[in-house]
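S.K.: So here's run.txt (compact mmCIF, C-alpha atoms).
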# COMPACT_ATOMS: atom_id res chain seq x y z
CA MET A 1235 60.30 68.10 153.68
CA LYS A 1236 63.33 67.20 151.56
CA PHE A 1237 66.08 65.17 153.19
CA GLU A 1238 68.72 67.87 152.77
CA GLU A 1239 66.47 70.44 154.43
CA CYS A 1240 66.20 68.49 157.67
CA THR A 1241 69.23 68.92 159.93
CA ILE A 1242 70.16 69.39 163.57
CA ASN A 1243 73.39 70.53 165.19
CA ARG A 1244 75.56 67.57 166.19
CA LYS A 1245 79.22 67.02 166.99
CA GLY A 1246 80.86 63.95 165.47
CA VAL A 1247 80.92 60.16 165.54
CA LEU A 1248 83.68 57.93 166.94
CA VAL A 1249 83.84 54.53 165.22
CA VAL A 1250 85.78 51.81 167.06
CA GLY A 1251 86.74 48.45 165.55
CA GLY A 1252 88.52 46.60 162.78
CA ILE A 1253 90.72 47.80 159.94
CA ILE A 1254 91.33 44.94 157.49
CA VAL A 1255 92.84 44.46 154.03
CA ASP A 1256 90.35 42.58 151.84
CA LEU A 1257 91.71 40.24 149.15
CA ILE A 1258 88.62 39.40 147.06
CA ALA A 1259 88.73 36.20 145.02
CA LYS A 1260 86.32 34.87 142.36
CA SER A 1261 86.52 31.58 140.45
CA ALA A 1262 84.13 29.50 138.38
CA ARG A 1263 85.56 26.48 140.21
CA PHE A 1264 84.04 27.55 143.54
CA LYS A 1265 81.07 25.32 144.34
CA LEU A 1266 78.39 25.37 147.02
CA VAL A 1267 77.86 21.94 148.66
CA ASN A 1268 75.51 21.63 151.65
CA ASP A 1269 75.98 25.33 152.47
CA ASN A 1270 79.77 24.95 152.32
CA LEU A 1271 81.90 26.82 149.81
CA CYS A 1272 84.18 24.25 148.19
CA PHE A 1273 86.97 23.92 145.66
CA PRO A 1274 89.13 20.93 144.67
CA PHE A 1275 91.49 19.62 147.34
CA ASP A 1276 95.23 19.27 146.64
CA SER A 1277 95.06 21.34 143.49
CA LYS A 1278 96.15 24.67 142.06
CA ILE A 1279 93.28 26.92 140.96
CA THR A 1280 93.66 29.90 138.67
CA LEU A 1281 91.33 32.64 139.92
CA ASP A 1282 89.09 34.48 137.50
CA GLU A 1283 89.55 37.66 139.55
CA LEU A 1284 91.63 38.77 142.52
CA ASN A 1285 91.14 42.31 143.81
CA GLN A 1286 92.45 44.15 146.83
CA ASP A 1287 90.21 46.50 148.76
CA THR A 1288 90.37 48.43 151.98
CA GLY A 1289 87.96 46.95 154.51
CA GLY A 1290 87.24 46.13 158.13
CA SER A 1291 84.07 47.17 159.92
CA ALA A 1292 85.41 50.36 161.49
CA HIS A 1293 87.11 51.44 158.28
CA ASN A 1294 84.00 50.77 156.18
CA LEU A 1295 81.71 52.59 158.59
CA ALA A 1296 84.04 55.56 158.98
CA THR A 1297 84.62 56.08 155.25
CA ASN A 1298 80.91 55.75 154.45
CA LEU A 1299 79.95 58.19 157.20
CA ALA A 1300 82.58 60.71 156.18
CA GLU A 1301 81.56 60.54 152.50
CA LEU A 1302 77.93 61.12 153.51
CA GLY A 1303 79.01 64.28 155.32
CA THR A 1304 79.16 63.31 159.02
CA THR A 1305 82.23 64.40 161.00
CA THR A 1306 83.86 61.03 161.69
CA TYR A 1307 86.72 59.91 163.90
CA ILE A 1308 88.09 56.36 163.82
CA LEU A 1309 89.81 54.44 166.62
CA GLY A 1310 91.64 51.36 165.36
CA SER A 1311 95.06 49.81 164.79
CA VAL A 1312 97.16 49.06 161.73
CA GLY A 1313 100.59 47.49 161.38
CA ARG A 1314 103.82 49.29 160.62
CA ASP A 1315 103.73 48.05 157.04
CA ASP A 1316 102.75 49.25 153.59
CA HIS A 1317 99.13 48.28 154.16
CA GLY A 1318 99.00 50.40 157.31
CA GLU A 1319 100.22 53.49 155.51
CA GLU A 1320 97.81 52.78 152.64
CA TYR A 1321 94.90 52.63 155.06
CA LEU A 1322 95.73 55.90 156.74
CA ARG A 1323 95.87 57.60 153.33
CA ASN A 1324 92.61 56.01 152.23
CA LEU A 1325 90.75 57.05 155.38
CA ARG A 1326 91.95 60.62 154.97
CA ILE A 1327 91.01 60.70 151.28
CA HIS A 1328 87.43 59.82 152.23
CA GLY A 1329 87.41 62.48 154.94
CA ALA A 1330 87.69 60.36 158.09
CA ILE A 1331 89.85 61.79 160.91
CA THR A 1332 92.70 59.38 161.75
CA LYS A 1333 94.13 61.08 164.83
CA TYR A 1334 93.17 58.06 166.97
CA VAL A 1335 94.43 55.30 164.67
CA THR A 1336 97.51 53.68 166.25
CA LEU A 1337 100.48 51.96 164.59
CA LYS A 1338 101.35 48.55 166.06
CA GLU A 1339 104.30 46.23 165.56
CA GLY A 1340 103.26 43.42 163.24
CA LEU A 1341 100.97 43.19 160.25
CA THR A 1342 97.78 45.01 159.36
CA GLY A 1343 94.81 42.61 159.47
CA ILE A 1344 93.99 40.70 156.28
CA SER A 1345 90.81 38.95 155.09
CA LEU A 1346 90.49 36.49 152.21
CA VAL A 1347 87.04 37.08 150.72
CA PHE A 1348 85.68 34.32 148.47
CA LEU A 1349 82.76 35.46 146.30
CA TYR A 1350 80.06 33.10 145.05
CA ASN A 1351 76.91 34.45 143.38
CA GLY A 1352 77.41 37.83 145.04
CA GLU A 1353 77.61 36.36 148.55
CA LYS A 1354 80.83 36.00 150.51
CA THR A 1355 82.82 33.65 152.73
CA VAL A 1356 85.57 35.40 154.70
CA LEU A 1357 88.77 34.07 156.30
CA THR A 1358 90.43 36.66 158.55
CA SER A 1359 93.78 37.17 160.24
CA ARG A 1360 93.16 40.12 162.57
CA GLY A 1361 96.82 41.10 163.04
CA ALA A 1362 97.23 44.57 164.54
CA ASN A 1363 93.51 44.79 165.33
CA ASP A 1364 93.92 42.42 168.27
CA LEU A 1365 96.52 44.75 169.81
CA LEU A 1366 94.07 47.65 170.13
CA GLY A 1367 93.63 48.19 173.88
CA GLU A 1368 92.34 50.57 176.53
CA GLU A 1369 95.62 52.50 176.49
CA ASP A 1370 94.77 53.56 172.92
CA LEU A 1371 91.59 55.37 173.96
CA ASP A 1372 92.25 59.03 174.69
CA LEU A 1373 89.16 60.14 176.61
CA GLU A 1374 89.46 63.66 175.23
CA VAL A 1375 87.91 62.33 172.01
CA PHE A 1376 84.58 62.28 173.83
CA ASP A 1377 84.66 66.08 173.91
CA ARG A 1378 84.54 65.99 170.09
CA VAL A 1379 81.71 63.49 169.55
CA ASP A 1380 78.18 62.73 170.67
CA THR A 1381 77.95 59.20 169.21
CA LEU A 1382 80.09 56.10 169.81
CA VAL A 1383 79.85 53.17 167.38
CA LEU A 1384 81.23 49.79 168.49
CA THR A 1385 81.92 47.30 165.73
CA SER A 1386 84.08 44.16 165.56
CA LEU A 1387 86.19 43.78 168.72
CA ILE A 1388 87.49 40.31 169.58
CA SER A 1389 90.68 40.08 171.67
CA GLU A 1390 91.14 40.48 175.43
CA LYS A 1391 92.77 43.86 174.83
CA ASN A 1392 89.80 44.85 172.64
CA MET A 1393 87.40 43.92 175.46
CA ALA A 1394 89.21 46.14 177.97
CA LEU A 1395 89.02 48.99 175.46
CA MET A 1396 85.31 48.41 174.85
CA ARG A 1397 84.46 48.51 178.54
CA LYS A 1398 86.46 51.72 179.02
CA ALA A 1399 84.76 53.28 175.98
CA VAL A 1400 81.27 52.34 177.16
CA GLU A 1401 81.90 53.63 180.68
CA GLY A 1402 83.40 56.87 179.37
CA ALA A 1403 80.56 57.42 176.91
CA LYS A 1404 77.85 56.76 179.50
CA LYS A 1405 79.36 59.28 181.94
CA ARG A 1406 79.18 61.92 179.24
CA GLY A 1407 75.71 61.07 177.94
CA ILE A 1408 77.07 59.95 174.57
CA TYR A 1409 74.78 57.95 172.27
CA ILE A 1410 76.05 54.35 171.85
CA VAL A 1411 75.42 52.26 168.74
CA VAL A 1412 76.42 48.57 168.79
CA ASN A 1413 76.96 46.97 165.37
CA PRO A 1414 78.89 43.73 166.04
CA SER A 1415 80.30 41.12 163.68
CA MET A 1416 79.52 37.42 163.66
CA SER A 1417 82.97 36.82 165.17
CA MET A 1418 82.04 38.95 168.15
CA VAL A 1419 78.72 37.14 168.54
CA THR A 1420 80.52 33.79 168.42
CA HIS A 1421 83.58 34.52 170.53
CA ARG A 1422 82.52 37.32 172.89
CA PRO A 1423 78.80 36.87 173.61
CA GLU A 1424 78.91 37.96 177.28
CA GLU A 1425 80.96 41.07 176.56
CA LEU A 1426 78.69 41.84 173.62
CA ARG A 1427 75.62 41.60 175.85
CA TYR A 1428 77.25 44.10 178.23
CA ALA A 1429 77.71 46.56 175.35
CA MET A 1430 74.15 46.05 174.09
CA GLN A 1431 72.71 46.56 177.58
CA ASN A 1432 74.37 49.97 177.65
CA SER A 1433 73.48 51.08 174.13
CA GLN A 1434 70.74 53.16 172.57
CA VAL A 1435 70.82 51.36 169.19
CA ILE A 1436 71.56 47.74 168.26
CA ILE A 1437 72.07 46.81 164.60
CA MET A 1438 72.84 43.25 163.48
CA ASN A 1439 71.84 40.77 160.82
CA GLY A 1440 69.35 37.95 161.16
CA LYS A 1441 71.87 35.15 161.78
CA GLU A 1442 73.65 37.19 164.45
CA SER A 1443 70.40 38.10 166.18
CA MET A 1444 69.26 34.50 166.45
CA LEU A 1445 72.65 33.22 167.59
CA ILE A 1446 73.15 35.78 170.38
CA THR A 1447 69.58 35.37 171.68
CA GLY A 1448 69.15 31.63 171.13
CA GLU A 1449 65.87 32.26 169.29
CA LYS A 1450 64.85 30.36 166.14
CA ASP A 1451 63.33 33.25 164.20
CA VAL A 1452 64.11 36.94 163.80
CA ASP A 1453 60.76 38.14 165.12
CA SER A 1454 61.46 36.47 168.46
CA ALA A 1455 65.13 37.47 168.38
CA ILE A 1456 64.43 41.19 167.93
CA LYS A 1457 62.04 41.17 170.89
CA LYS A 1458 64.72 39.51 173.01
CA LEU A 1459 67.29 42.08 171.91
CA LYS A 1460 64.88 44.90 172.82
CA GLU A 1461 64.81 43.56 176.39
CA TYR A 1462 68.43 44.68 176.76
CA GLY A 1463 67.05 48.22 176.97
CA ALA A 1464 68.08 49.87 173.70
CA GLU A 1465 65.73 52.50 172.27
CA THR A 1466 65.98 51.01 168.78
CA VAL A 1467 66.83 47.52 167.53
CA ILE A 1468 67.34 46.85 163.82
CA VAL A 1469 67.80 43.40 162.30
CA THR A 1470 68.88 43.43 158.66
CA LEU A 1471 67.54 40.64 156.45
CA ASP A 1472 69.41 41.02 153.15
CA VAL A 1473 66.91 41.08 150.24
CA ARG A 1474 64.02 40.98 152.73
CA GLY A 1475 64.94 44.43 154.01
CA ALA A 1476 65.13 45.29 157.69
CA LEU A 1477 63.01 44.61 160.76
CA VAL A 1478 62.83 47.48 163.27
CA LEU A 1479 61.59 47.56 166.86
CA ASP A 1480 61.67 50.82 168.79
CA ASP A 1481 59.87 52.20 171.81
CA GLU A 1482 56.78 52.95 169.72
CA ARG A 1483 56.25 50.12 167.25
CA SER A 1484 57.59 47.24 165.17
CA PHE A 1485 57.83 47.59 161.38
CA ARG A 1486 59.65 46.35 158.29
CA VAL A 1487 61.39 48.39 155.61
CA PRO A 1488 61.95 46.69 152.23
CA ALA A 1489 65.30 46.52 150.49
CA TYR A 1490 65.80 48.22 147.13
CA LYS A 1491 65.81 46.35 143.83
CA VAL A 1492 69.41 46.29 142.52
CA LYS A 1493 71.76 43.85 140.80
CA VAL A 1494 74.01 42.50 143.55
CA VAL A 1495 77.71 42.33 142.69
CA ASP A 1496 79.37 42.00 146.11
CA THR A 1497 77.76 42.15 149.56
CA THR A 1498 81.08 42.86 151.32
CA GLY A 1499 80.60 45.93 153.51
CA GLY A 1500 76.86 46.13 152.90
CA GLY A 1501 76.02 45.93 156.60
CA ASP A 1502 78.60 48.57 157.48
CA SER A 1503 77.23 50.96 154.86
CA PHE A 1504 73.69 50.36 156.18
CA THR A 1505 74.78 51.35 159.70
CA ALA A 1506 76.56 54.42 158.38
CA GLY A 1507 73.47 55.46 156.47
CA PHE A 1508 71.24 55.05 159.51
CA ILE A 1509 73.52 57.12 161.75
CA HIS A 1510 73.90 59.86 159.15
CA ALA A 1511 70.14 60.09 158.63
CA LYS A 1512 69.51 60.27 162.38
CA TYR A 1513 72.05 63.11 162.49
CA LYS A 1514 69.86 64.89 159.97
CA GLY A 1515 66.95 64.58 162.40
CA TYR A 1516 64.95 61.89 160.61
CA SER A 1517 62.59 59.33 162.12
CA ASN A 1518 63.65 55.70 162.47
CA GLU A 1519 61.58 54.66 159.45
CA GLU A 1520 63.03 57.34 157.17
CA ALA A 1521 66.54 56.68 158.51
CA VAL A 1522 66.25 52.95 157.76
CA LYS A 1523 65.03 53.73 154.22
CA PHE A 1524 68.06 55.96 153.74
CA ALA A 1525 70.34 53.27 155.24
CA SER A 1526 68.91 50.68 152.86
CA ALA A 1527 69.68 52.98 149.93
CA VAL A 1528 73.29 53.45 151.06
CA ALA A 1529 73.66 49.66 151.35
CA ALA A 1530 72.10 49.15 147.91
CA LEU A 1531 74.60 51.53 146.33
CA ASN A 1532 77.42 49.68 148.10
CA ILE A 1533 76.56 46.16 146.93
CA ILE A 1534 76.27 47.06 143.22
CA THR A 1535 80.06 47.52 143.05
CA PRO A 1536 82.89 45.12 144.06
CA GLY A 1537 84.55 45.67 147.43
CA ALA A 1538 83.49 47.48 150.57
CA SER A 1539 84.83 50.95 149.78
CA THR A 1540 84.48 51.34 146.02
CA ASP A 1541 82.54 54.35 144.71
CA LEU A 1542 81.15 55.33 148.11
CA PRO A 1543 78.03 57.48 147.71
CA SER A 1544 77.56 61.04 148.90
CA GLU A 1545 74.34 62.14 150.56
CA GLU A 1546 73.25 63.65 147.25
CA ASP A 1547 73.88 60.33 145.45
CA VAL A 1548 71.69 58.49 147.96
CA VAL A 1549 68.86 61.03 147.75
CA GLU A 1550 68.86 60.84 143.94
CA PHE A 1551 68.89 57.03 144.05
CA MET A 1552 65.88 56.98 146.40
CA LYS A 1553 63.87 59.10 143.96
CA ARG A 1554 64.11 56.49 141.20
CA ALA A 1555 64.71 53.20 143.07
CA GLU A 1556 62.09 50.49 143.39
CA PRO A 1557 61.59 48.51 146.60
CA LEU A 1558 61.73 44.73 146.45
CA GLU A 1559 58.45 42.95 146.94
CA PRO A 1560 58.22 41.36 150.41
Go ahead and express the file in the form of structure tokens.
M.R.:
Amino acid sequence: MKFEECTINRKGVLVVGGIIVDLIAKSARFKLVNDNLCFPFDSKITLDELNQDTGGSAHNLATNLAELGTTTYILGSVGRDDHGEEYLRNLRIHGAITKYVTLKEGLTGISLVFLYNGEKTVLTSRGANDLLGEEDLDLEVFDRVDTLVLTSLISEKNMALMRKAVEGAKKRGIYIVVNPSMSMVTHRPEELRYAMQNSQVIIMNGKESMLITGEKDVDSAIKKLKEYGAETVIVTLDVRGALVLDDERSFRVPAYKVKVVDTTGGGDSFTAGFIHAKYKGYSNEEAVKFASAVAALNIITPGASTDLPSEEDVVEFMKRAEPLEP
């Protein structure tokens, strides 16, 4: 059966989390020393490239989902500044519904993204994101959706919102997907465990999985994550693809062979692809293959929201793409 022929009736998705301006910098003077990105101290460096992109986990997920064709609502906060207005326009251009994005006093969050050989180091000032609280969640949104996606939430106000969202979703039988950031793993491990214990799907990368579980390898970490009770746990492994453990089996899905330009937003696009494919009624294995294709199309262009693919683009890519050898 062709991908586009497989569909089921669903409502929409509510994505909750960060909205961040990405300033993406590249320079030949960046060096990697003992796994640290370095450049000369007490000096002025002329960058080879400096680009601005719209980013943040919730923004990236919402725009990817909307472009793929899933009805998508976003709950987040931006500042009352030019960046905030720019973000609202950008979300709407991609088709995301911004009714639940709130304007806060202060600045929209900003990240400095340093690129080195396609990989990234990110410095973030969360700004308005930290002001997103439980008062910003209008429970009527749960009448419009059947899936809740929790991404990067860090502050005390964010934690109160997350608990209210989880409780509200559970009462209504709404499917919960947890896709945290490394910052959440580092700064809010107990609250993150609460969210994962109440979710149906957990998606995180290898480093995050080992840090939150205390395990030394991803195979042990994914088993520990499964003990939280989720139906499906996915650990992404960059060029090594993704490791999946569900109620039936454990399996790996390879990544696709592409020339990596910028990995910023790759994980968010993967999660969006997985959710969209599940909305089409596909199995976990087929959904992860589709998710990997969405991520591959994301990382071949600079920035997290450049040239976002449609469902048709992804399907066509999968017909000709080659998987990486394990």
S.K.: For Glu1390 of chain A, list every protein, DNA or RNA residue within 9 Å, evaluated using all atoms listed in the file, and leave out those in the same chain fewer than 4 positions away; present the list as number ranges by chain.
M.R.: A: 1364-1365, 1367, 1394-1395
S.K.: Find the spatial neighbours of segment 1330-1342 of chain A, counting all atoms listed in the file, within a cut-off of 9 Å - ignore same-chain residues fewer than 3 positions away - and output them as a PyMOL selection string.
M.R.: chain A and resi 1253-1255+1293+1296-1301+1305-1318+1322+1324-1327+1359-1363+1365-1366+1370-1372+1375
S.K.: Have a look at atom CA of Ile1388 of chain A and atom CA of Glu1368 of chain A and let me know their distance in Å, one decimal.
M.R.: 13.3 Å
S.K.: Would you write out, as JSON lines, a table of all residues in segment 1422-1465 of chain A that have an atom no more than 12 Å from an atom of segment 1508-1529 of chain A, listing for each the closest atom pair and the distance in Å to one decimal, considering only C-alpha atoms and ordering rows by chain and rising residue number?
M.R.:
{"residue": "A:Gln1434", "atom": "CA", "partner": "A:Ile1509", "partner_atom": "CA", "distance": 11.9}
{"residue": "A:Val1435", "atom": "CA", "partner": "A:Ile1509", "partner_atom": "CA", "distance": 9.8}
{"residue": "A:Ile1436", "atom": "CA", "partner": "A:Phe1508", "partner_atom": "CA", "distance": 11.4}
{"residue": "A:Ile1437", "atom": "CA", "partner": "A:Phe1508", "partner_atom": "CA", "distance": 9.7}
{"residue": "A:Glu1465", "atom": "CA", "partner": "A:Asn1518", "partner_atom": "CA", "distance": 10.5}
S.K.: May I have the residues within 12 Å of Thr1420 of chain A as a list in words, using all atoms listed in the file and disregarding those fewer than 5 positions away in the same chain?
M.R.: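 Here the qualifying residues turn out to be Ser1386, Leu1387, Ile1388, Pro1414, Ser1415, Glu1425, Leu1426, Arg1427, Lys1441, Glu1442, Ser1443, Met1444, Leu1445, Ile1446, Thr1447 and Gly1448 of chain A.
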S.K.: Which is closest to Pro1557 of chain A among A:Lys1491, A:Lys1391, A:Arg1474, A:Lys1460, if we use only C-alpha atoms?
M.R.: A:Lys1491
S.K.: Report the distance between atom CA of Ala1530 of chain A and atom CA of Thr1358 of chain A in Å, rounded to one decimal place.
M.R.: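 If I compute the distance from atom CA of Ala1530 of chain A to atom CA of Thr1358 of chain A, I get 24.6 Å.
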S.K.: Between A:Met1438, A:Lys1354, A:Val1494, A:His1328, which residue has the minimum interatomic distance to Val1419 of chain A, considering all atoms listed in the file?
M.R.: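 Closest to Val1419 of chain A, using all atoms listed in the file: A:Met1438.
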S.K.: Is it possible to get the axis-aligned box enclosing segment 1247-1265 of chain A (all listed atoms, 8 Å extra per side) as AutoDock Vina command-line options, with centre and edge lengths in Å rounded to one decimal?
M.R.:
--center_x 86.9 --center_y 42.7 --center_z 152.7 --size_x 27.9 --size_y 50.8 --size_z 44.7
S.K.: Quote the spacing between atom CA of Ile1534 of chain A and atom CA of Val1492 of chain A in Å to one decimal place.
M.R.: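 Computing the Euclidean distance for atom CA of Ile1534 of chain A and atom CA of Val1492 of chain A yields 6.9 Å.
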S.K.: Find, counting only C-alpha atoms, the residue in A:Leu1384, A:Leu1349, A:Lys1245, A:Thr1497 that gets nearest to Leu1271 of chain A.
M.R.: A:Leu1349
S.K.: Give the answer as one residue: which of A:Glu1545, A:Asp1453, A:Asp1377, A:Asp1269 has the shortest atom-to-atom distance to Arg1406 of chain A, using only C-alpha atoms?
M.R.: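 Smallest distance to Arg1406 of chain A is found for A:Asp1377.
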S.K.: Using all atoms listed in the file, which of the listed residues (A:Ile1279, A:Met1552, A:Ala1403, A:Leu1479) sits closest to Val1452 of chain A?
M.R.: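 So, comparing all the options, the nearest one is A:Leu1479.
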S.K.: Applying 7 Å and all atoms listed in the file, which residues near Asn1532 of chain A remain after dropping the ones on its own chain fewer than 3 positions away? List them as a ChimeraX atom specification.
M.R.: /A:1500,1503,1528-1529,1535,1538,1542
S.K.: Find, counting only C-alpha atoms, the residue in A:Glu1559, A:Leu1284, A:Asp1451, A:Val1250 that gets nearest to Val1383 of chain A.
M.R.: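 Of A:Glu1559, A:Leu1284, A:Asp1451, A:Val1250, the one nearest Val1383 of chain A is A:Val1250, counting only C-alpha atoms.
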S.K.: Missing atoms in segment 1480-1494 of chain A: can you complete it with N, CA, C and O atoms, as a short mmCIF file (atom, residue, chain, number, x, y, z; two decimals), in the frame of the given file?
M.R.:
data_model
loop_
_atom_site.label_atom_id
_atom_site.label_comp_id
_atom_site.auth_asym_id
_atom_site.auth_seq_id
_atom_site.Cartn_x
_atom_site.Cartn_y
_atom_site.Cartn_z
N ASP A 1480 61.27 49.71 167.93
CA ASP A 1480 61.67 50.82 168.79
C ASP A 1480 60.68 50.95 169.93
O ASP A 1480 59.86 50.06 170.17
N ASP A 1481 60.74 52.04 170.65
CA ASP A 1481 59.87 52.20 171.81
C ASP A 1481 58.40 52.41 171.44
O ASP A 1481 57.52 52.37 172.30
N GLU A 1482 58.14 52.65 170.16
CA GLU A 1482 56.78 52.95 169.72
C GLU A 1482 56.12 51.82 168.94
O GLU A 1482 54.93 51.56 169.09
N ARG A 1483 56.88 51.12 168.10
CA ARG A 1483 56.25 50.12 167.25
C ARG A 1483 57.29 49.19 166.62
O ARG A 1483 58.49 49.43 166.71
N SER A 1484 56.77 48.16 165.96
CA SER A 1484 57.59 47.24 165.17
C SER A 1484 57.18 47.40 163.70
O SER A 1484 55.99 47.48 163.39
N PHE A 1485 58.17 47.46 162.80
CA PHE A 1485 57.83 47.59 161.38
C PHE A 1485 58.98 47.06 160.52
O PHE A 1485 60.10 46.88 160.99
N ARG A 1486 58.66 46.80 159.26
CA ARG A 1486 59.65 46.35 158.29
C ARG A 1486 59.85 47.41 157.21
O ARG A 1486 58.89 48.10 156.82
N VAL A 1487 61.07 47.50 156.72
CA VAL A 1487 61.39 48.39 155.61
C VAL A 1487 61.99 47.53 154.51
O VAL A 1487 62.96 46.80 154.75
N PRO A 1488 61.44 47.55 153.30
CA PRO A 1488 61.95 46.69 152.23
C PRO A 1488 63.32 47.15 151.73
O PRO A 1488 63.68 48.32 151.86
N ALA A 1489 64.05 46.20 151.17
CA ALA A 1489 65.30 46.52 150.49
C ALA A 1489 64.98 47.11 149.12
O ALA A 1489 63.83 47.04 148.64
N TYR A 1490 65.99 47.68 148.47
CA TYR A 1490 65.80 48.22 147.13
C TYR A 1490 66.21 47.20 146.07
O TYR A 1490 67.08 46.35 146.30
N LYS A 1491 65.56 47.29 144.92
CA LYS A 1491 65.81 46.35 143.83
C LYS A 1491 67.08 46.78 143.07
O LYS A 1491 67.07 47.81 142.37
N VAL A 1492 68.16 46.02 143.22
CA VAL A 1492 69.41 46.29 142.52
C VAL A 1492 70.05 44.97 142.10
O VAL A 1492 69.69 43.90 142.62
N LYS A 1493 70.99 45.02 141.19
CA LYS A 1493 71.76 43.85 140.80
C LYS A 1493 72.96 43.72 141.73
O LYS A 1493 73.86 44.55 141.73
N VAL A 1494 72.97 42.67 142.54
CA VAL A 1494 74.01 42.50 143.55
C VAL A 1494 75.30 42.01 142.89
O VAL A 1494 75.31 41.01 142.17
#
